[in-house]
file entry.json (JSON, C-alpha atoms)
[["chain", "number", "residue", "atom", "x", "y", "z"],
["A", 1, "PRO", "CA", 121.80, 107.44, 151.59],
["A", 2, "GLY", "CA", 124.59, 108.61, 153.91],
["A", 3, "ALA", "CA", 127.16, 108.90, 151.14],
["A", 4, "SER", "CA", 124.89, 111.02, 148.96],
["A", 5, "LEU", "CA", 124.13, 113.29, 151.91],
["A", 6, "HIS", "CA", 127.81, 114.02, 152.40],
["A", 7, "ARG", "CA", 128.16, 115.09, 148.77],
["A", 8, "PHE", "CA", 125.17, 117.41, 149.03],
["A", 9, "PRO", "CA", 126.26, 121.05, 148.76],
["A", 10, "GLU", "CA", 126.24, 122.66, 152.18],
["A", 11, "ALA", "CA", 126.58, 126.21, 150.92],
["A", 12, "LEU", "CA", 122.96, 127.09, 150.44],
["A", 13, "MET", "CA", 121.03, 129.18, 152.92],
["A", 14, "LYS", "CA", 121.74, 130.78, 156.26],
["A", 15, "ASP", "CA", 120.06, 129.42, 159.40],
["A", 16, "ARG", "CA", 118.33, 126.43, 157.80],
["A", 17, "HIS", "CA", 118.92, 122.74, 158.43],
["A", 18, "LEU", "CA", 117.91, 119.54, 156.72],
["A", 19, "THR", "CA", 117.55, 116.37, 158.73],
["A", 20, "ALA", "CA", 117.57, 112.88, 157.26],
["A", 21, "GLU", "CA", 116.88, 109.77, 159.27],
["A", 22, "SER", "CA", 118.21, 106.36, 158.33],
["A", 23, "GLY", "CA", 117.23, 103.48, 160.58],
["A", 24, "LYS", "CA", 118.56, 104.11, 164.07],
["A", 25, "HIS", "CA", 120.98, 106.76, 162.88],
["A", 26, "ARG", "CA", 120.08, 110.42, 162.60],
["A", 27, "LYS", "CA", 122.25, 112.73, 160.60],
["A", 28, "GLU", "CA", 121.81, 116.43, 160.46],
["A", 29, "LEU", "CA", 123.01, 118.26, 157.41],
["A", 30, "SER", "CA", 123.44, 121.97, 157.74],
["A", 31, "LEU", "CA", 122.62, 123.78, 154.54],
["A", 32, "ASN", "CA", 124.10, 126.98, 155.83],
["A", 33, "GLY", "CA", 127.61, 125.62, 156.42],
["A", 34, "ARG", "CA", 129.40, 127.54, 153.71],
["A", 35, "ALA", "CA", 126.77, 129.98, 152.48],
["A", 36, "ASP", "CA", 128.72, 133.00, 153.66],
["A", 37, "ALA", "CA", 131.90, 131.78, 151.96],
["A", 38, "VAL", "CA", 130.10, 131.10, 148.68],
["A", 39, "ARG", "CA", 128.39, 134.49, 148.76],
["A", 40, "GLU", "CA", 131.69, 136.20, 149.59],
["A", 41, "LEU", "CA", 133.44, 134.55, 146.63],
["A", 42, "GLN", "CA", 130.47, 134.62, 144.25],
["A", 43, "PRO", "CA", 127.91, 137.17, 145.47],
["A", 44, "ASP", "CA", 125.88, 136.90, 142.28],
["A", 45, "ALA", "CA", 125.93, 133.10, 142.10],
["A", 46, "THR", "CA", 122.79, 131.25, 141.13],
["A", 47, "ILE", "CA", 122.47, 127.99, 143.05],
["A", 48, "TYR", "CA", 120.66, 124.94, 141.71],
["A", 49, "LEU", "CA", 119.45, 122.23, 144.07],
["A", 50, "LEU", "CA", 118.90, 118.99, 142.19],
["A", 51, "ALA", "CA", 116.55, 116.29, 143.38],
["A", 52, "ASN", "CA", 117.96, 112.93, 144.33],
["A", 53, "LEU", "CA", 117.15, 110.34, 141.70],
["A", 54, "HIS", "CA", 114.61, 107.65, 142.43],
["A", 55, "VAL", "CA", 115.70, 104.01, 142.41],
["A", 56, "THR", "CA", 114.11, 101.09, 140.56],
["A", 57, "SER", "CA", 111.39, 99.15, 142.31],
["A", 58, "ALA", "CA", 113.80, 96.19, 142.62],
["A", 59, "ALA", "CA", 116.49, 98.37, 144.28],
["A", 60, "GLN", "CA", 114.23, 99.64, 147.05],
["A", 61, "GLN", "CA", 115.06, 98.31, 150.50],
["A", 62, "ALA", "CA", 114.39, 99.21, 154.12],
["A", 63, "GLY", "CA", 116.43, 102.41, 154.18],
["A", 64, "ILE", "CA", 116.25, 103.40, 150.53],
["A", 65, "THR", "CA", 112.77, 103.80, 149.14],
["A", 66, "ASN", "CA", 111.35, 106.26, 146.67],
["A", 67, "GLU", "CA", 109.00, 107.44, 149.40],
["A", 68, "ARG", "CA", 111.99, 108.43, 151.53],
["A", 69, "ILE", "CA", 113.74, 109.97, 148.52],
["A", 70, "ASP", "CA", 110.61, 112.02, 147.82],
["A", 71, "TYR", "CA", 110.55, 113.17, 151.43],
["A", 72, "LEU", "CA", 114.20, 114.22, 151.27],
["A", 73, "ASN", "CA", 113.60, 115.97, 147.95],
["A", 74, "SER", "CA", 110.62, 117.85, 149.38],
["A", 75, "ARG", "CA", 112.80, 119.07, 152.26],
["A", 76, "ILE", "CA", 115.54, 120.14, 149.84],
["A", 77, "SER", "CA", 112.99, 122.00, 147.71],
["A", 78, "GLU", "CA", 112.04, 124.14, 150.72],
["A", 79, "PHE", "CA", 115.37, 125.95, 150.44],
["A", 80, "ALA", "CA", 114.61, 127.28, 146.97],
["A", 81, "ASP", "CA", 113.59, 130.92, 146.82],
["A", 82, "TYR", "CA", 113.36, 130.90, 142.99],
["A", 83, "GLU", "CA", 115.30, 134.13, 142.84],
["A", 84, "LYS", "CA", 118.87, 132.96, 143.50],
["A", 85, "ILE", "CA", 118.27, 129.38, 144.64],
["A", 86, "PHE", "CA", 116.35, 127.00, 142.39],
["A", 87, "TYR", "CA", 115.16, 123.44, 142.90],
["A", 88, "LEU", "CA", 115.00, 121.11, 139.89],
["A", 89, "ASP", "CA", 113.59, 117.58, 139.80],
["A", 90, "ILE", "CA", 114.62, 115.41, 136.86],
["A", 91, "ASN", "CA", 112.83, 112.30, 138.16],
["A", 92, "PRO", "CA", 109.96, 112.56, 135.65],
["A", 93, "VAL", "CA", 112.50, 112.19, 132.82],
["A", 94, "PHE", "CA", 113.87, 108.87, 134.11],
["A", 95, "ASP", "CA", 110.88, 107.46, 136.01],
["A", 96, "ASP", "CA", 108.44, 104.82, 134.87],
["A", 97, "GLY", "CA", 104.68, 105.29, 135.29],
["A", 98, "ASN", "CA", 104.88, 104.27, 138.95],
["A", 99, "GLY", "CA", 107.51, 106.79, 140.06],
["A", 100, "ASN", "CA", 110.45, 104.38, 139.98],
["A", 101, "LEU", "CA", 113.70, 104.76, 138.07],
["A", 102, "ARG", "CA", 113.23, 102.93, 134.76],
["A", 103, "PRO", "CA", 115.30, 99.71, 134.64],
["A", 104, "ASP", "CA", 116.48, 100.50, 131.10],
["A", 105, "CYS", "CA", 118.23, 103.64, 132.45],
["A", 106, "THR", "CA", 120.38, 101.84, 135.00],
["A", 107, "GLY", "CA", 122.54, 98.81, 135.60],
["A", 108, "ASP", "CA", 122.50, 98.84, 139.39],
["A", 109, "GLY", "CA", 118.99, 100.20, 140.02],
["A", 110, "ILE", "CA", 120.36, 103.38, 141.58],
["A", 111, "HIS", "CA", 122.56, 105.30, 139.14],
["A", 112, "VAL", "CA", 121.73, 106.17, 135.53],
["A", 113, "TYR", "CA", 124.00, 104.88, 132.79],
["A", 114, "ALA", "CA", 126.63, 107.34, 131.54],
["A", 115, "SER", "CA", 124.80, 107.37, 128.20],
["A", 116, "TYR", "CA", 121.95, 109.23, 129.92],
["A", 117, "TYR", "CA", 124.16, 112.10, 131.11],
["A", 118, "LYS", "CA", 123.62, 113.85, 127.79],
["A", 119, "THR", "CA", 119.85, 113.68, 128.35],
["A", 120, "TRP", "CA", 120.36, 115.01, 131.87],
["A", 121, "CYS", "CA", 122.55, 117.89, 130.69],
["A", 122, "GLU", "CA", 120.14, 118.86, 127.92],
["A", 123, "TRP", "CA", 117.24, 118.80, 130.38],
["A", 124, "PHE", "CA", 119.21, 120.86, 132.90],
["A", 125, "GLY", "CA", 120.00, 123.42, 130.19],
["A", 126, "MET", "CA", 116.30, 123.88, 129.48],
["A", 127, "TYR", "CA", 115.55, 124.78, 133.10],
["A", 128, "THR", "CA", 118.45, 127.00, 134.08],
["A", 129, "VAL", "CA", 118.05, 130.72, 134.46],
["A", 130, "PRO", "CA", 119.78, 132.74, 131.74],
["A", 131, "ASN", "CA", 122.56, 135.08, 132.84],
["A", 132, "THR", "CA", 121.44, 138.68, 132.83]]

call {"tool": "encode", "arguments": {"input": "entry.json", "output": "structure tokens"}}
result
Amino acid sequence: PGASLHRFPEALMKDRHLTAESGKHRKELSLNGRADAVRELQPDATIYLLANLHVTSAAQQAGITNERIDYLNSRISEFADYEKIFYLDINPVFDDGNGNLRPDCTGDGIHVYASYYKTWCEWFGMYTVPNT
């Protein structure tokens, strides 16, 4: 989970923090790190926060479980104001009936196959806010 946390966009909201715990290590991710810079460069920007994908039941291990991913996603969703910052969760598209990433969507149990990116993009397009 540490690598995905570092890729998470930090430029979201002022004076808010997201904390993720992994075993004995605690990492704090500031979601306000570059908010001022983003707003200065793109004051009318609409920001989309995307949920972390679930993993297959076979890929779950001590530090990476869908329960922990759901917790992280719930914390991320708290930053959405649904005016300029939106939270979107694609997990229902790729999950099986038990809330796990479907094995037919992945080769490693964690990442979807490239062939599913089209599905992801089409889904994302249905839930974005039109420019006004």

call {"tool": "atom_distance", "arguments": {"input": "entry.json", "atom1": "CA of Gly99 (chain A)", "atom2": "CA of Glu83 (chain A)"}}
result
28.6 Å

call {"tool": "atom_distance", "arguments": {"input": "entry.json", "atom1": "CA of Gln60 (chain A)", "atom2": "CA of Ser77 (chain A)"}}
result
22.4 Å

call {"tool": "atom_distance", "arguments": {"input": "entry.json", "atom1": "CA of Phe124 (chain A)", "atom2": "CA of Tyr48 (chain A)"}}
result
9.8 Å

call {"tool": "closest_residue", "arguments": {"input": "entry.json", "among": "A:Asn66, A:Ile90, A:Thr106, A:Ala45", "to": "Cys121 (chain A)", "atoms": "all atoms listed in the file"}}
result
A:Ile90

call {"tool": "closest_residue", "arguments": {"input": "entry.json", "among": "A:Glu122, A:Glu40, A:Glu67, A:Asp81", "to": "Asn98 (chain A)", "atoms": "all atoms listed in the file"}}
result
A:Glu67

call {"tool": "residues_around", "arguments": {"input": "entry.json", "residues": "Val55 (chain A)", "least_positions_apart": "6", "cutoff": "9 Å", "atoms": "only C-alpha atoms", "output": "count of residues only"}}
result
13

call {"tool": "residues_around", "arguments": {"input": "entry.json", "residues": "Trp120 (chain A)", "least_positions_apart": "2", "cutoff": "12 Å", "atoms": "all atoms listed in the file", "output": "ChimeraX atom specification"}}
result
/A:50,53,88-94,105,112-118,122-127

call {"tool": "write_last_selection", "arguments": {"input": "entry.json", "atoms": "C-alpha atoms", "output": "compact mmCIF listing (two decimals), keeping the file's coordinate frame"}}
result
# COMPACT_ATOMS: atom_id res chain seq x y z
CA LEU A 50 118.90 118.99 142.19
CA LEU A 53 117.15 110.34 141.70
CA LEU A 88 115.00 121.11 139.89
CA ASP A 89 113.59 117.58 139.80
CA ILE A 90 114.62 115.41 136.86
CA ASN A 91 112.83 112.30 138.16
CA PRO A 92 109.96 112.56 135.65
CA VAL A 93 112.50 112.19 132.82
CA PHE A 94 113.87 108.87 134.11
CA CYS A 105 118.23 103.64 132.45
CA VAL A 112 121.73 106.17 135.53
CA TYR A 113 124.00 104.88 132.79
CA ALA A 114 126.63 107.34 131.54
CA SER A 115 124.80 107.37 128.20
CA TYR A 116 121.95 109.23 129.92
CA TYR A 117 124.16 112.10 131.11
CA LYS A 118 123.62 113.85 127.79
CA GLU A 122 120.14 118.86 127.92
CA TRP A 123 117.24 118.80 130.38
CA PHE A 124 119.21 120.86 132.90
CA GLY A 125 120.00 123.42 130.19
CA MET A 126 116.30 123.88 129.48
CA TYR A 127 115.55 124.78 133.10

call {"tool": "closest_residue", "arguments": {"input": "entry.json", "among": "A:Ala62, A:Leu49, A:Leu72, A:Leu41", "to": "Tyr87 (chain A)", "atoms": "only C-alpha atoms"}}
result
A:Leu49

call {"tool": "build_atoms", "arguments": {"input": "entry.json", "residues": "region 102-117 of chain A", "atoms": "N, CA, C and O atoms", "output": "short mmCIF file (atom, residue, chain, number, x, y, z; two decimals), keeping the file's coordinate frame"}}
result
data_model
loop_
_atom_site.label_atom_id
_atom_site.label_comp_id
_atom_site.auth_asym_id
_atom_site.auth_seq_id
_atom_site.Cartn_x
_atom_site.Cartn_y
_atom_site.Cartn_z
N ARG A 102 113.44 103.96 135.78
CA ARG A 102 113.23 102.93 134.76
C ARG A 102 114.43 101.98 134.70
O ARG A 102 115.57 102.43 134.65
N PRO A 103 114.20 100.68 134.69
CA PRO A 103 115.30 99.71 134.64
C PRO A 103 116.19 99.86 133.41
O PRO A 103 117.38 99.57 133.48
N ASP A 104 115.66 100.35 132.30
CA ASP A 104 116.48 100.50 131.10
C ASP A 104 117.47 101.66 131.21
O ASP A 104 118.37 101.78 130.38
N CYS A 105 117.34 102.49 132.24
CA CYS A 105 118.23 103.64 132.45
C CYS A 105 119.39 103.32 133.37
O CYS A 105 120.25 104.17 133.60
N THR A 106 119.43 102.13 133.94
CA THR A 106 120.38 101.84 135.00
C THR A 106 120.85 100.39 134.97
O THR A 106 120.11 99.51 134.51
N GLY A 107 122.04 100.17 135.47
CA GLY A 107 122.54 98.81 135.60
C GLY A 107 122.47 98.30 137.03
O GLY A 107 122.37 97.11 137.27
N ASP A 108 122.51 99.24 137.98
CA ASP A 108 122.50 98.84 139.39
C ASP A 108 121.21 99.21 140.11
O ASP A 108 121.06 98.95 141.30
N GLY A 109 120.26 99.83 139.41
CA GLY A 109 118.99 100.20 140.02
C GLY A 109 119.02 101.52 140.75
O GLY A 109 118.00 101.96 141.27
N ILE A 110 120.19 102.15 140.80
CA ILE A 110 120.36 103.38 141.58
C ILE A 110 120.89 104.53 140.73
O ILE A 110 120.39 105.65 140.80
N HIS A 111 121.90 104.26 139.93
CA HIS A 111 122.56 105.30 139.14
C HIS A 111 122.20 105.14 137.66
O HIS A 111 122.16 104.02 137.16
N VAL A 112 122.00 106.26 136.96
CA VAL A 112 121.73 106.17 135.53
C VAL A 112 123.02 105.84 134.79
O VAL A 112 124.12 106.17 135.24
N TYR A 113 122.86 105.17 133.65
CA TYR A 113 124.00 104.88 132.79
C TYR A 113 124.62 106.19 132.31
O TYR A 113 123.92 107.19 132.13
N ALA A 114 125.91 106.16 132.05
CA ALA A 114 126.63 107.34 131.54
C ALA A 114 126.00 107.85 130.25
O ALA A 114 125.99 109.05 129.98
N SER A 115 125.42 106.96 129.47
CA SER A 115 124.80 107.37 128.20
C SER A 115 123.61 108.30 128.42
O SER A 115 123.20 109.00 127.49
N TYR A 116 123.07 108.35 129.62
CA TYR A 116 121.95 109.23 129.92
C TYR A 116 122.39 110.60 130.44
O TYR A 116 121.56 111.48 130.64
N TYR A 117 123.68 110.79 130.65
CA TYR A 117 124.16 112.10 131.11
C TYR A 117 123.88 113.20 130.10
O TYR A 117 123.60 114.33 130.47
#
